[in-house]
Amino acid sequence: MPSFARAHTNLALVKYWGKEDEALRLPSAPSLSVTLDAFYTDTRLSKADTNEFVLDGKKVAGPEADRVFSYLSRLFSLFSLPKEGLLVESRNFVPKSAGFASSASAFCALAAAFAEEFGLDLTRKELSIAARLGSGSASRSVYGGFAEWKEGGTGESFAFPLDENPSMGISVLFLSFGGGEKEISSTEGMRRSKFSPFFPVWRQECRKACGEAESAIKAGDFEKLGEVAEKNACQMHALALSCGFSYLSGLSLEALRLAQNLRKGSVPCYWSCDAGKNAALLCQKGDAGRVKQAVREAMGAGARLFEAGPGKGVEAWREV
Ligand code: PMV
């Protein structure tokens with residue numbers, strides 16, 4: 001009987017950027033994220049004679065399919081199961097053409113569908129460990145709301161929930177400045193960043209930022225959380241620049257200035273940006289309309305807008 005899973009993407013407010021062990025995907029520093037309601041991956045998994053990967057209705061071969069099946073092969077070994085052929089049918093409800101990454105939701109959904117299909121009855125901690133082996137950020141998508149992933153440990157590294165039903169009315173507005181694959185993958189970017197003379201400082205700053213973000217979440221202090229997130233995103237991009245590369249474009253920086261100008265006008269709005277040029281603006285739910293208007297006034301058709309709020313953790317079930 002096929003199994004089905006839905007996992008949402010997440011935006012890191014404190015970024016995972018650097019691995020201690022690449023094969024095991026052990027992070028050099030802690031990270032913290034908010035799971036998003038608007039963007040997710042649906043994955044259906046069924047036993048088959050041969051491996052096949054169908055993404056958004058189209059059969060996929062090449063590196064993308066290889067990554068999926070080498071990950072599944074790893075899961076068979078991890079859970080000491082005999083290898084079997086699998087049909088993986090995924091649909092990404094993530095605006096990929098707009099340059100948004102889907103590896104967190106994709107690998108979290110895949111891990112959950114696999115666990116369901118093979119009746120593994122995993123705890124969420126075990127599921128987070130399994131998801132992490134596909135993509136580090138996927139470890140956090142197991143949970144809804146705010147989740148954290150601590151550094152260190154061995155193969156047991158996992159994320160845990162901080163607040164799955166945030167009372168903080170937070171909106172995340174994504175600004176897409178057009179598609180185009182990024183030139184430097186996050187794996188490669190993390191590899192290069194470890195050579196930065198600032199890497200030890202980055203690790204310290206992430207530890208500090210996670211502590212501050214945890215307190216802000218507990219206190220329901222949106223402004224503090226936003227400040228921590230913006231500073232951490234700036235530091236991640238400064239780290240990349242210190243190694244001679246950057247994901248940022250002029251428009252990414254214009255979005256940063258826009259957030260800072262909105263704050264001058266007393267609208268608490270904060271910037272973040274992942275391993276790509278597209279930016280995210282964090283604001284309180286009640287301010288989302290004003291922030292969207294400010295983006296349209298400043299950037300017009302140059303930025304496509306997508307809105308999300310805190311989302312649910314991964315769900316999986318067996319089809320009957
Ligand atoms: O999980 P990966 O390998 O796709 O890396 C994610 C990297 C960032 O999105 C930039 C940061 C993060 O913590 O999600």
# chains A, B, ... in the order shown; residues from 1 in each chain; ligands from 1
$ residues_near_ligand --ligand "ligand 1" --cutoff "7 Å" --atoms "only C-alpha atoms and all ligand atoms" --output "compact mmCIF listing (two decimals) with N, CA, C and O atoms, in the first residue's frame"
# COMPACT_ATOMS: atom_id res chain seq x y z
N LEU A 11 12.13 28.55 7.11
CA LEU A 11 13.10 29.64 6.91
C LEU A 11 13.97 29.70 8.16
O LEU A 11 13.44 29.83 9.28
N ALA A 12 15.29 29.61 7.96
CA ALA A 12 16.18 29.68 9.12
C ALA A 12 16.31 31.13 9.57
O ALA A 12 16.61 32.02 8.76
N VAL A 14 18.20 31.65 12.36
CA VAL A 14 19.65 31.52 12.62
C VAL A 14 20.08 30.41 11.66
O VAL A 14 19.55 29.30 11.71
N LYS A 15 21.00 30.73 10.77
CA LYS A 15 21.29 29.86 9.63
C LYS A 15 22.24 28.71 9.95
O LYS A 15 23.22 28.90 10.67
N TYR A 16 21.93 27.58 9.36
CA TYR A 16 22.85 26.43 9.33
C TYR A 16 23.80 26.70 8.17
O TYR A 16 23.37 26.74 7.01
N TRP A 17 25.05 26.96 8.46
CA TRP A 17 25.99 27.28 7.40
C TRP A 17 27.37 26.78 7.79
O TRP A 17 28.16 27.49 8.41
N SER A 31 21.26 26.04 14.68
CA SER A 31 20.40 26.86 13.82
C SER A 31 18.97 26.81 14.36
O SER A 31 18.63 25.93 15.15
N SER A 103 14.64 21.70 -0.67
CA SER A 103 15.26 20.48 -0.15
C SER A 103 14.79 20.15 1.27
O SER A 103 14.67 18.98 1.61
N ALA A 104 14.49 21.15 2.09
CA ALA A 104 14.04 20.87 3.46
C ALA A 104 12.71 20.10 3.44
O ALA A 104 12.59 19.03 4.05
N SER A 135 19.08 16.28 3.86
CA SER A 135 19.39 17.72 3.76
C SER A 135 19.32 18.25 5.19
O SER A 135 18.34 18.00 5.90
N GLY A 136 20.36 18.96 5.61
CA GLY A 136 20.42 19.40 7.00
C GLY A 136 19.17 20.14 7.45
O GLY A 136 18.59 19.84 8.50
N SER A 137 18.72 21.09 6.63
CA SER A 137 17.58 21.91 7.03
C SER A 137 16.30 21.08 7.14
O SER A 137 15.34 21.49 7.80
N ALA A 138 16.26 19.89 6.51
CA ALA A 138 15.07 19.02 6.58
C ALA A 138 14.84 18.52 8.01
O ALA A 138 13.70 18.21 8.38
N SER A 186 24.45 25.18 -1.81
CA SER A 186 24.71 25.44 -0.39
C SER A 186 25.83 24.54 0.12
O SER A 186 26.63 24.97 0.94
N THR A 187 25.90 23.31 -0.39
CA THR A 187 26.99 22.41 0.05
C THR A 187 28.35 23.03 -0.27
O THR A 187 29.24 23.09 0.59
N ASP A 274 18.62 33.52 2.18
CA ASP A 274 19.33 32.23 2.22
C ASP A 274 20.42 32.18 1.15
O ASP A 274 20.86 33.21 0.70
N ALA A 275 20.75 30.97 0.73
CA ALA A 275 21.83 30.84 -0.25
C ALA A 275 21.30 31.13 -1.66
O ALA A 275 21.21 30.24 -2.51
$ select_by_dssp --residues "range 49-102 of chain A" --states "alpha helix (DSSP H)" --output "MDAnalysis selection string"
chainID A and resid 63:78
$ residues_around --residues "Leu110 in chain A" --least-positions-apart "6" --cutoff "8 Å" --atoms "only C-alpha atoms" --output "VMD selection string"
chain A and resid 5 43 45 131
$ write_last_selection --atoms "N, CA and C atoms" --output "tab-separated table (two decimals), in the first residue's frame"
chain	number	residue	atom	x	y	z
A	5	ALA	N	3.23	11.54	2.45
A	5	ALA	CA	3.68	12.49	3.49
A	5	ALA	C	3.64	13.92	2.95
A	43	THR	N	4.70	13.87	-0.95
A	43	THR	CA	5.41	12.73	-1.52
A	43	THR	C	4.64	11.45	-1.28
A	45	LEU	N	4.98	7.34	-1.79
A	45	LEU	CA	6.03	6.32	-1.94
A	45	LEU	C	5.38	4.95	-2.04
A	131	ALA	N	15.73	12.58	8.41
A	131	ALA	CA	15.55	13.67	7.44
A	131	ALA	C	16.87	14.43	7.25
$ residues_around --residues "Ser73 in chain A" --least-positions-apart "2" --cutoff "12 Å" --atoms "only C-alpha atoms" --output "NGL selection string"
:A and (51 or 66-71 or 75-86 or 111 or 114 or 130 or 133-134)
$ residues_around --residues "Gln293 in chain A" --least-positions-apart "4" --cutoff "12 Å" --atoms "only C-alpha atoms" --output "JSON, numbers by chain"
{"A": [173, 258, 262, 287, 288, 289, 297, 298, 299, 300, 303, 305]}
$ write_last_selection --atoms "N, CA, C and O atoms" --output "PDB file, in the first residue's frame"
ATOM      1  N   LEU A 173       7.352  37.447   4.240  1.00  0.00           N
ATOM      2  CA  LEU A 173       7.097  37.829   2.848  1.00  0.00           C
ATOM      3  C   LEU A 173       8.344  37.528   2.042  1.00  0.00           C
ATOM      4  O   LEU A 173       9.430  38.033   2.352  1.00  0.00           O
ATOM      5  N   LEU A 258      15.200  48.437   2.522  1.00  0.00           N
ATOM      6  CA  LEU A 258      13.756  48.657   2.663  1.00  0.00           C
ATOM      7  C   LEU A 258      13.296  48.289   4.078  1.00  0.00           C
ATOM      8  O   LEU A 258      12.553  49.046   4.714  1.00  0.00           O
ATOM      9  N   LEU A 262      11.726  50.849   6.745  1.00  0.00           N
ATOM     10  CA  LEU A 262      10.414  50.620   7.376  1.00  0.00           C
ATOM     11  C   LEU A 262      10.535  50.750   8.889  1.00  0.00           C
ATOM     12  O   LEU A 262       9.663  51.311   9.542  1.00  0.00           O
ATOM     13  N   ASP A 287       1.102  44.014  10.128  1.00  0.00           N
ATOM     14  CA  ASP A 287       1.849  44.979   9.308  1.00  0.00           C
ATOM     15  C   ASP A 287       2.087  44.477   7.885  1.00  0.00           C
ATOM     16  O   ASP A 287       2.687  45.192   7.066  1.00  0.00           O
ATOM     17  N   ALA A 288       1.654  43.240   7.587  1.00  0.00           N
ATOM     18  CA  ALA A 288       1.997  42.637   6.284  1.00  0.00           C
ATOM     19  C   ALA A 288       1.510  43.504   5.119  1.00  0.00           C
ATOM     20  O   ALA A 288       2.232  43.669   4.121  1.00  0.00           O
ATOM     21  N   GLY A 289       0.323  44.069   5.241  1.00  0.00           N
ATOM     22  CA  GLY A 289      -0.230  44.906   4.168  1.00  0.00           C
ATOM     23  C   GLY A 289       0.668  46.105   3.888  1.00  0.00           C
ATOM     24  O   GLY A 289       0.985  46.405   2.727  1.00  0.00           O
ATOM     25  N   GLU A 297       5.919  49.678  -3.915  1.00  0.00           N
ATOM     26  CA  GLU A 297       6.320  51.060  -4.241  1.00  0.00           C
ATOM     27  C   GLU A 297       7.801  51.122  -4.572  1.00  0.00           C
ATOM     28  O   GLU A 297       8.222  51.797  -5.506  1.00  0.00           O
ATOM     29  N   ALA A 298       8.628  50.395  -3.820  1.00  0.00           N
ATOM     30  CA  ALA A 298      10.076  50.490  -4.017  1.00  0.00           C
ATOM     31  C   ALA A 298      10.561  49.661  -5.198  1.00  0.00           C
ATOM     32  O   ALA A 298      11.517  50.025  -5.878  1.00  0.00           O
ATOM     33  N   MET A 299       9.914  48.522  -5.444  1.00  0.00           N
ATOM     34  CA  MET A 299      10.478  47.593  -6.422  1.00  0.00           C
ATOM     35  C   MET A 299       9.572  47.287  -7.599  1.00  0.00           C
ATOM     36  O   MET A 299      10.020  46.654  -8.563  1.00  0.00           O
ATOM     37  N   GLY A 300       8.324  47.671  -7.514  1.00  0.00           N
ATOM     38  CA  GLY A 300       7.378  47.444  -8.608  1.00  0.00           C
ATOM     39  C   GLY A 300       7.374  45.998  -9.064  1.00  0.00           C
ATOM     40  O   GLY A 300       7.355  45.070  -8.252  1.00  0.00           O
ATOM     41  N   ALA A 303       9.988  42.658  -8.141  1.00  0.00           N
ATOM     42  CA  ALA A 303       9.912  41.646  -7.085  1.00  0.00           C
ATOM     43  C   ALA A 303       8.549  40.973  -7.087  1.00  0.00           C
ATOM     44  O   ALA A 303       7.520  41.651  -7.062  1.00  0.00           O
ATOM     45  N   LEU A 305       5.971  38.729  -4.989  1.00  0.00           N
ATOM     46  CA  LEU A 305       5.769  38.545  -3.541  1.00  0.00           C
ATOM     47  C   LEU A 305       5.037  37.255  -3.214  1.00  0.00           C
ATOM     48  O   LEU A 305       4.063  36.909  -3.877  1.00  0.00           O
TER      49      LEU A 305
END
$ select_by_dssp --residues "range 34-162 of chain A" --states "strand (DSSP E)" --output "JSON, numbers by chain"
{"A": [34, 35, 36, 37, 38, 39, 40, 41, 42, 43, 44, 45, 46, 47, 48, 52, 53, 54, 55, 58, 59, 60, 85, 86, 87, 88, 89, 90, 91, 92, 93, 146, 147, 148, 149, 159, 160, 161, 162]}
$ residues_around --residues "Thr123 in chain A" --least-positions-apart "6" --cutoff "12 Å" --atoms "only C-alpha atoms" --output "mmCIF file with C-alpha atoms, in the first residue's frame"
data_model
loop_
_atom_site.group_PDB
_atom_site.id
_atom_site.type_symbol
_atom_site.label_atom_id
_atom_site.label_comp_id
_atom_site.auth_asym_id
_atom_site.auth_seq_id
_atom_site.Cartn_x
_atom_site.Cartn_y
_atom_site.Cartn_z
ATOM 1 C CA ALA A 112 8.382 10.456 6.661
ATOM 2 C CA ALA A 115 9.097 5.479 7.681
ATOM 3 C CA GLU A 116 5.377 5.055 7.029
ATOM 4 C CA ILE A 129 17.778 12.284 12.343
ATOM 5 C CA ALA A 130 16.646 10.447 9.203
ATOM 6 C CA VAL A 142 9.679 17.699 11.151
ATOM 7 C CA TYR A 143 8.179 20.258 13.556
ATOM 8 C CA PHE A 158 18.492 16.055 15.522
ATOM 9 C CA PHE A 160 13.612 19.655 18.362
#
$ closest_residue --among "A:Ala280, A:Ala240, A:Val320, A:Val54" --to "Ile184 in chain A" --atoms "only C-alpha atoms"
A:Ala240
